[in-house]
Every structure is written in structure tokens, then in C-alpha cells.
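Peer 1: You'll find coords11.cif just under this line, and it carries mmCIF, N, CA and C atoms.
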```
data_entry
#
loop_
_atom_site.label_atom_id
_atom_site.label_comp_id
_atom_site.auth_asym_id
_atom_site.auth_seq_id
_atom_site.Cartn_x
_atom_site.Cartn_y
_atom_site.Cartn_z
N MET A 242 0.83 -1.17 0.00
CA MET A 242 0.00 0.00 0.00
C MET A 242 0.88 1.25 0.00
N LYS A 243 0.54 2.20 -0.86
CA LYS A 243 1.32 3.41 -0.97
C LYS A 243 0.86 4.44 0.05
N ASN A 244 1.81 5.20 0.60
CA ASN A 244 1.48 6.32 1.49
C ASN A 244 1.07 7.51 0.63
N LYS A 245 -0.11 8.04 0.90
CA LYS A 245 -0.56 9.22 0.18
C LYS A 245 -0.12 10.47 0.93
N ILE A 246 0.52 11.37 0.24
CA ILE A 246 0.91 12.64 0.84
C ILE A 246 -0.21 13.63 0.57
N ARG A 247 -0.77 14.14 1.66
CA ARG A 247 -1.86 15.11 1.53
C ARG A 247 -1.29 16.52 1.52
N LYS A 248 -1.75 17.30 0.57
CA LYS A 248 -1.32 18.68 0.49
C LYS A 248 -2.43 19.56 1.02
N GLY A 249 -2.04 20.68 1.65
CA GLY A 249 -3.03 21.61 2.19
C GLY A 249 -2.78 21.87 3.66
N PHE A 250 -3.67 22.68 4.24
CA PHE A 250 -3.54 23.07 5.64
C PHE A 250 -4.52 22.30 6.49
N THR A 251 -4.14 22.06 7.72
CA THR A 251 -5.06 21.42 8.65
C THR A 251 -5.96 22.50 9.26
N LEU A 252 -7.01 22.08 9.88
CA LEU A 252 -7.94 23.00 10.52
C LEU A 252 -7.25 23.80 11.62
N VAL A 253 -6.37 23.16 12.36
CA VAL A 253 -5.66 23.83 13.44
C VAL A 253 -4.77 24.94 12.88
N GLU A 254 -4.08 24.69 11.78
CA GLU A 254 -3.22 25.71 11.18
C GLU A 254 -4.05 26.92 10.71
N ILE A 255 -5.16 26.66 10.08
CA ILE A 255 -6.03 27.74 9.61
C ILE A 255 -6.57 28.54 10.79
N MET A 256 -6.94 27.87 11.87
CA MET A 256 -7.46 28.58 13.06
C MET A 256 -6.37 29.45 13.68
N ILE A 257 -5.14 28.98 13.70
CA ILE A 257 -4.03 29.77 14.26
C ILE A 257 -3.83 31.03 13.42
N VAL A 258 -3.87 30.89 12.11
CA VAL A 258 -3.71 32.06 11.24
C VAL A 258 -4.84 33.06 11.46
N VAL A 259 -6.07 32.58 11.60
CA VAL A 259 -7.22 33.46 11.84
C VAL A 259 -7.05 34.19 13.17
N VAL A 260 -6.60 33.51 14.20
CA VAL A 260 -6.39 34.14 15.51
C VAL A 260 -5.30 35.21 15.42
N ILE A 261 -4.22 34.92 14.72
CA ILE A 261 -3.13 35.90 14.57
C ILE A 261 -3.63 37.14 13.82
N ILE A 262 -4.39 36.94 12.76
CA ILE A 262 -4.94 38.08 12.01
C ILE A 262 -5.89 38.88 12.90
N GLY A 263 -6.69 38.19 13.69
CA GLY A 263 -7.60 38.88 14.62
C GLY A 263 -6.84 39.71 15.64
N LEU A 264 -5.76 39.18 16.18
CA LEU A 264 -4.95 39.93 17.15
C LEU A 264 -4.31 41.16 16.51
N LEU A 265 -3.80 40.99 15.31
CA LEU A 265 -3.20 42.13 14.61
C LEU A 265 -4.25 43.21 14.32
N ALA A 266 -5.43 42.79 13.92
CA ALA A 266 -6.51 43.76 13.66
C ALA A 266 -6.92 44.46 14.95
N ALA A 267 -6.97 43.71 16.06
CA ALA A 267 -7.36 44.30 17.34
C ALA A 267 -6.34 45.35 17.80
N MET A 268 -5.10 45.20 17.41
CA MET A 268 -4.09 46.20 17.77
C MET A 268 -4.09 47.37 16.78
N ALA A 269 -4.41 47.12 15.52
CA ALA A 269 -4.33 48.15 14.49
C ALA A 269 -5.51 49.12 14.53
N VAL A 270 -6.71 48.64 14.83
CA VAL A 270 -7.90 49.51 14.79
C VAL A 270 -7.81 50.65 15.80
N PRO A 271 -7.47 50.43 17.07
CA PRO A 271 -7.36 51.57 17.98
C PRO A 271 -6.26 52.56 17.57
N ALA A 272 -5.16 52.04 17.04
CA ALA A 272 -4.09 52.93 16.58
C ALA A 272 -4.57 53.78 15.40
N PHE A 273 -5.32 53.18 14.49
CA PHE A 273 -5.86 53.91 13.35
C PHE A 273 -6.83 54.99 13.82
N ASN A 274 -7.70 54.65 14.75
CA ASN A 274 -8.65 55.64 15.27
C ASN A 274 -7.94 56.80 15.96
N LYS A 275 -6.87 56.50 16.68
CA LYS A 275 -6.11 57.56 17.35
C LYS A 275 -5.48 58.50 16.32
N VAL A 276 -4.91 57.94 15.27
CA VAL A 276 -4.29 58.75 14.22
C VAL A 276 -5.36 59.60 13.52
N ARG A 277 -6.52 59.02 13.26
CA ARG A 277 -7.59 59.76 12.59
C ARG A 277 -8.08 60.92 13.45
N GLU A 278 -8.27 60.69 14.74
CA GLU A 278 -8.70 61.77 15.63
C GLU A 278 -7.65 62.87 15.74
N GLU A 279 -6.39 62.47 15.79
CA GLU A 279 -5.31 63.45 15.86
C GLU A 279 -5.27 64.30 14.60
N SER A 280 -5.47 63.67 13.44
CA SER A 280 -5.45 64.46 12.20
C SER A 280 -6.65 65.39 12.12
N ARG A 281 -7.80 64.96 12.62
CA ARG A 281 -8.97 65.86 12.67
C ARG A 281 -8.71 67.05 13.59
N ARG A 282 -8.12 66.78 14.73
CA ARG A 282 -7.82 67.85 15.69
C ARG A 282 -6.84 68.85 15.07
N LYS A 283 -5.83 68.36 14.39
CA LYS A 283 -4.87 69.25 13.75
C LYS A 283 -5.51 70.06 12.63
N ALA A 284 -6.44 69.46 11.89
CA ALA A 284 -7.14 70.19 10.83
C ALA A 284 -7.98 71.31 11.44
N ILE A 285 -8.63 71.04 12.57
CA ILE A 285 -9.44 72.07 13.24
C ILE A 285 -8.53 73.20 13.73
N ILE A 286 -7.40 72.86 14.32
CA ILE A 286 -6.48 73.88 14.81
C ILE A 286 -5.94 74.72 13.65
N ASN A 287 -5.65 74.08 12.52
CA ASN A 287 -5.20 74.85 11.35
C ASN A 287 -6.28 75.79 10.85
N ASN A 288 -7.54 75.33 10.87
CA ASN A 288 -8.65 76.22 10.50
C ASN A 288 -8.73 77.41 11.45
N LEU A 289 -8.57 77.15 12.74
CA LEU A 289 -8.62 78.22 13.73
C LEU A 289 -7.45 79.19 13.54
N ARG A 290 -6.30 78.68 13.16
CA ARG A 290 -5.16 79.56 12.89
C ARG A 290 -5.44 80.48 11.71
N GLN A 291 -6.09 79.93 10.69
CA GLN A 291 -6.45 80.74 9.54
C GLN A 291 -7.41 81.86 9.95
N VAL A 292 -8.39 81.52 10.79
CA VAL A 292 -9.34 82.52 11.28
C VAL A 292 -8.62 83.54 12.15
N ALA A 293 -7.71 83.08 13.00
CA ALA A 293 -6.98 83.99 13.89
C ALA A 293 -6.13 84.97 13.08
N SER A 294 -5.49 84.48 12.06
CA SER A 294 -4.67 85.34 11.22
C SER A 294 -5.54 86.40 10.53
N ALA A 295 -6.69 85.99 10.01
CA ALA A 295 -7.61 86.95 9.40
C ALA A 295 -8.14 87.92 10.44
N GLY A 296 -8.42 87.43 11.64
CA GLY A 296 -8.90 88.29 12.73
C GLY A 296 -7.88 89.33 13.12
N GLN A 297 -6.62 88.91 13.17
CA GLN A 297 -5.58 89.87 13.51
C GLN A 297 -5.48 90.96 12.43
N GLN A 298 -5.58 90.56 11.18
CA GLN A 298 -5.53 91.53 10.10
C GLN A 298 -6.71 92.51 10.19
N TYR A 299 -7.91 91.97 10.48
CA TYR A 299 -9.11 92.82 10.62
C TYR A 299 -8.95 93.80 11.78
N ILE A 300 -8.45 93.31 12.91
CA ILE A 300 -8.27 94.14 14.10
C ILE A 300 -7.27 95.27 13.82
N LEU A 301 -6.18 94.94 13.13
CA LEU A 301 -5.19 95.96 12.80
C LEU A 301 -5.74 96.99 11.82
N GLU A 302 -6.49 96.53 10.84
CA GLU A 302 -7.02 97.45 9.82
C GLU A 302 -8.11 98.37 10.36
N ASN A 303 -8.90 97.86 11.32
CA ASN A 303 -10.06 98.62 11.79
C ASN A 303 -9.90 99.24 13.17
N GLY A 304 -8.79 99.00 13.83
CA GLY A 304 -8.53 99.60 15.13
C GLY A 304 -9.50 99.16 16.22
N VAL A 305 -9.92 97.91 16.20
CA VAL A 305 -10.83 97.37 17.22
C VAL A 305 -10.06 96.32 18.03
N SER A 306 -10.69 95.83 19.11
CA SER A 306 -10.01 94.81 19.92
C SER A 306 -10.62 93.43 19.77
N SER A 307 -11.74 93.31 19.06
CA SER A 307 -12.32 92.00 18.82
C SER A 307 -13.16 92.04 17.56
N CYS A 308 -13.46 90.87 17.02
CA CYS A 308 -14.33 90.77 15.86
C CYS A 308 -14.96 89.39 15.84
N LYS A 309 -16.03 89.25 15.08
CA LYS A 309 -16.72 87.98 14.96
C LYS A 309 -16.42 87.35 13.61
N TYR A 310 -16.65 86.06 13.54
CA TYR A 310 -16.37 85.26 12.34
C TYR A 310 -17.06 85.83 11.11
N ASN A 311 -18.31 86.25 11.25
CA ASN A 311 -19.07 86.71 10.08
C ASN A 311 -18.48 87.98 9.46
N LYS A 312 -17.68 88.74 10.19
CA LYS A 312 -17.01 89.92 9.64
C LYS A 312 -15.83 89.51 8.75
N LEU A 313 -15.29 88.31 8.99
CA LEU A 313 -14.10 87.86 8.28
C LEU A 313 -14.44 87.00 7.06
N LYS A 314 -15.47 86.18 7.18
CA LYS A 314 -15.82 85.24 6.13
C LYS A 314 -16.19 85.97 4.86
N GLY A 315 -15.61 85.54 3.76
CA GLY A 315 -15.90 86.13 2.47
C GLY A 315 -15.03 87.32 2.13
N VAL A 316 -14.43 87.95 3.15
CA VAL A 316 -13.54 89.09 2.92
C VAL A 316 -12.08 88.64 3.02
N TYR A 317 -11.74 87.95 4.11
CA TYR A 317 -10.36 87.53 4.35
C TYR A 317 -10.11 86.07 3.97
N PHE A 318 -11.16 85.28 3.87
CA PHE A 318 -11.06 83.88 3.45
C PHE A 318 -12.43 83.40 3.02
N ASN A 319 -12.45 82.32 2.25
CA ASN A 319 -13.72 81.70 1.87
C ASN A 319 -14.23 80.88 3.04
N ASP A 320 -15.44 80.36 2.92
CA ASP A 320 -16.01 79.57 4.00
C ASP A 320 -15.10 78.39 4.33
N ILE A 321 -14.94 78.11 5.61
CA ILE A 321 -14.09 77.01 6.06
C ILE A 321 -14.94 75.76 6.19
N THR A 322 -14.48 74.68 5.58
CA THR A 322 -15.20 73.42 5.62
C THR A 322 -14.90 72.68 6.92
N PRO A 323 -15.93 72.33 7.69
CA PRO A 323 -15.71 71.57 8.93
C PRO A 323 -15.18 70.16 8.62
N VAL A 324 -14.32 69.64 9.48
CA VAL A 324 -13.77 68.30 9.28
C VAL A 324 -14.38 67.28 10.23
N ALA A 325 -14.97 67.73 11.33
CA ALA A 325 -15.51 66.79 12.32
C ALA A 325 -16.81 67.32 12.92
N GLY A 326 -17.58 68.05 12.13
CA GLY A 326 -18.86 68.56 12.62
C GLY A 326 -18.75 69.81 13.45
N GLU A 327 -17.57 70.43 13.51
CA GLU A 327 -17.42 71.63 14.31
C GLU A 327 -18.03 72.83 13.59
N SER A 328 -18.32 73.86 14.35
CA SER A 328 -18.90 75.07 13.79
C SER A 328 -18.01 76.25 14.11
N TYR A 329 -17.78 77.10 13.12
CA TYR A 329 -16.96 78.28 13.32
C TYR A 329 -17.80 79.55 13.40
N LYS A 330 -19.10 79.43 13.24
CA LYS A 330 -19.98 80.60 13.16
C LYS A 330 -20.03 81.40 14.45
N THR A 331 -19.71 80.78 15.59
CA THR A 331 -19.80 81.47 16.87
C THR A 331 -18.45 81.98 17.36
N LEU A 332 -17.44 81.94 16.50
CA LEU A 332 -16.10 82.36 16.93
C LEU A 332 -16.04 83.84 17.24
N VAL A 333 -15.27 84.16 18.26
CA VAL A 333 -14.95 85.54 18.58
C VAL A 333 -13.44 85.62 18.70
N ILE A 334 -12.86 86.58 18.01
CA ILE A 334 -11.42 86.79 18.05
C ILE A 334 -11.16 88.00 18.92
N LYS A 335 -10.32 87.83 19.95
CA LYS A 335 -10.02 88.94 20.87
C LYS A 335 -8.54 89.17 20.92
N GLU A 336 -8.16 90.43 21.00
CA GLU A 336 -6.76 90.82 21.10
C GLU A 336 -6.58 91.64 22.36
N SER A 337 -5.56 91.28 23.14
CA SER A 337 -5.23 92.09 24.31
C SER A 337 -3.79 91.83 24.71
N GLY A 338 -3.06 92.88 24.88
CA GLY A 338 -1.69 92.79 25.40
C GLY A 338 -0.77 91.87 24.63
N GLY A 339 -0.82 91.88 23.32
CA GLY A 339 0.08 91.05 22.53
C GLY A 339 -0.36 89.61 22.39
N THR A 340 -1.59 89.30 22.76
CA THR A 340 -2.10 87.94 22.62
C THR A 340 -3.40 87.97 21.84
N LEU A 341 -3.50 87.08 20.87
CA LEU A 341 -4.70 86.95 20.06
C LEU A 341 -5.31 85.59 20.37
N GLN A 342 -6.59 85.56 20.72
CA GLN A 342 -7.26 84.33 21.12
C GLN A 342 -8.46 84.05 20.22
N VAL A 343 -8.58 82.78 19.79
CA VAL A 343 -9.75 82.33 19.04
C VAL A 343 -10.30 81.13 19.79
N ARG A 344 -11.60 81.19 20.12
CA ARG A 344 -12.24 80.09 20.83
C ARG A 344 -13.48 79.62 20.08
N THR A 345 -13.68 78.29 20.07
CA THR A 345 -14.91 77.74 19.53
C THR A 345 -15.88 77.52 20.67
N LYS A 346 -17.13 77.29 20.31
CA LYS A 346 -18.14 77.02 21.32
C LYS A 346 -17.83 75.73 22.09
N GLY A 347 -17.22 74.76 21.39
CA GLY A 347 -16.89 73.48 22.01
C GLY A 347 -15.66 73.52 22.90
N GLY A 348 -14.96 74.66 22.96
CA GLY A 348 -13.84 74.78 23.87
C GLY A 348 -12.48 74.73 23.23
N MET A 349 -12.38 74.39 21.94
CA MET A 349 -11.07 74.41 21.30
C MET A 349 -10.57 75.84 21.26
N LYS A 350 -9.27 76.00 21.41
CA LYS A 350 -8.72 77.34 21.50
C LYS A 350 -7.38 77.40 20.78
N VAL A 351 -7.14 78.52 20.11
CA VAL A 351 -5.84 78.80 19.54
C VAL A 351 -5.42 80.14 20.08
N GLU A 352 -4.19 80.25 20.52
CA GLU A 352 -3.70 81.50 21.09
C GLU A 352 -2.37 81.87 20.45
N TYR A 353 -2.26 83.10 20.01
CA TYR A 353 -1.03 83.62 19.45
C TYR A 353 -0.46 84.67 20.37
N SER A 354 0.83 84.65 20.52
CA SER A 354 1.51 85.76 21.22
C SER A 354 2.41 86.45 20.21
N TYR A 355 2.44 87.75 20.27
CA TYR A 355 3.29 88.52 19.34
C TYR A 355 3.86 89.72 20.04
#
```
Could I get this file's structure written as C-alpha cells?
Peer 2:
Amino acid sequence: MKNKIRKGFTLVEIMIVVVIIGLLAAMAVPAFNKVREESRRKAIINNLRQVASAGQQYILENGVSSCKYNKLKGVYFNDITPVAGESYKTLVIKESGGTLQVRTKGGMKVEYSY
């Protein structure tokens, strides 16, 4: 009687591979979510910096100490597209003592010192 050599994977080998892939996925998903949230946060901060820069220009040109977002939109920049559902419509830009502050309703803040 001849010995037959079987080719292929056993059930145990396939299960081990599935478990390893599951473990790798379990480690990768939280890291991916963290990177995505960080990039959203940085995009929001960059948007706020753009508004702050326009606000500083408005304040210097008009000799005031604060201004609202609606005074800047369309004049100093086009409408800013939200990246995570944030709203810029309630922003107030204030200048005092060499510091320019931009705050959102949700609490995000950008501060410049000059």
C-alpha cells in the first residue's frame, strides 16, 4: 500500500492564522482611530489659525479689539469646511496685550503671542 501525501492546511493551522490576524486587527484599529482623531484635531487647529490670522488683520485694519467670524468670512477667506462637525460661526477673536485668542463654542482654543 502506498502512502498518500496530503497537500493543504489542517484546521488547526487555519485557526491559528485566523487568531493571529484577529490579534493584529485588534491592535491596528485603535491605533488607526487615534491617528484619525489626531489628524482631525490638527485640521481644526489649522482652520482656527487661519481665522486667527484673518482676525488679527481685521483688528489691525479697523482699530478694534475683537471681531466675529461673520465679519471675516468672504472678505479675508472663503467659507471654512468643517472636518468633524465643528462650527466656526460662533467664533470671537479677541486681542489684548500682545495675545490673540480664538475660541470655539466646544472649547477648542488657539492662542497667538506677538
Peer 1: Please give the centre and size of the box around stretch 284-297 of chain A (axis-aligned, containing every atom listed in the file, 6 Å added per side), with values in Å to one decimal and written as JSON.
Peer 2:
```
{"center_x": -7.1, "center_y": 80.2, "center_z": 12.1, "size_x": 16.8, "size_y": 33.5, "size_z": 17.4}
```
Peer 1: Considering only C-alpha atoms, can you say which of A:Arg282, A:Arg290, A:Lys335, A:Lys245 comes closest to A:Lys309?
Peer 2: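 Of A:Arg282, A:Arg290, A:Lys335, A:Lys245, the one nearest A:Lys309 is A:Lys335, counting only C-alpha atoms.
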Peer 1: Can you pull out the residues contacting A:Ile285? Cut-off 7 Å, using only C-alpha atoms, and skip same-chain residues under 4 positions away; I want them as a count of residues only.
Peer 2: 3
Peer 1: Kindly indicate which residue among A:Val333, A:Ala284, A:Leu252, A:Val260 lies nearest to A:Asn311, using only C-alpha atoms for the distances.
Peer 2: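 Of the candidates, the smallest distance to A:Asn311 is held by A:Val333.
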Peer 1: Rounded to one decimal, what separation in Å do you get between atom N of A:Lys314 and atom CA of A:Lys330?
Peer 2: 9.3 Å
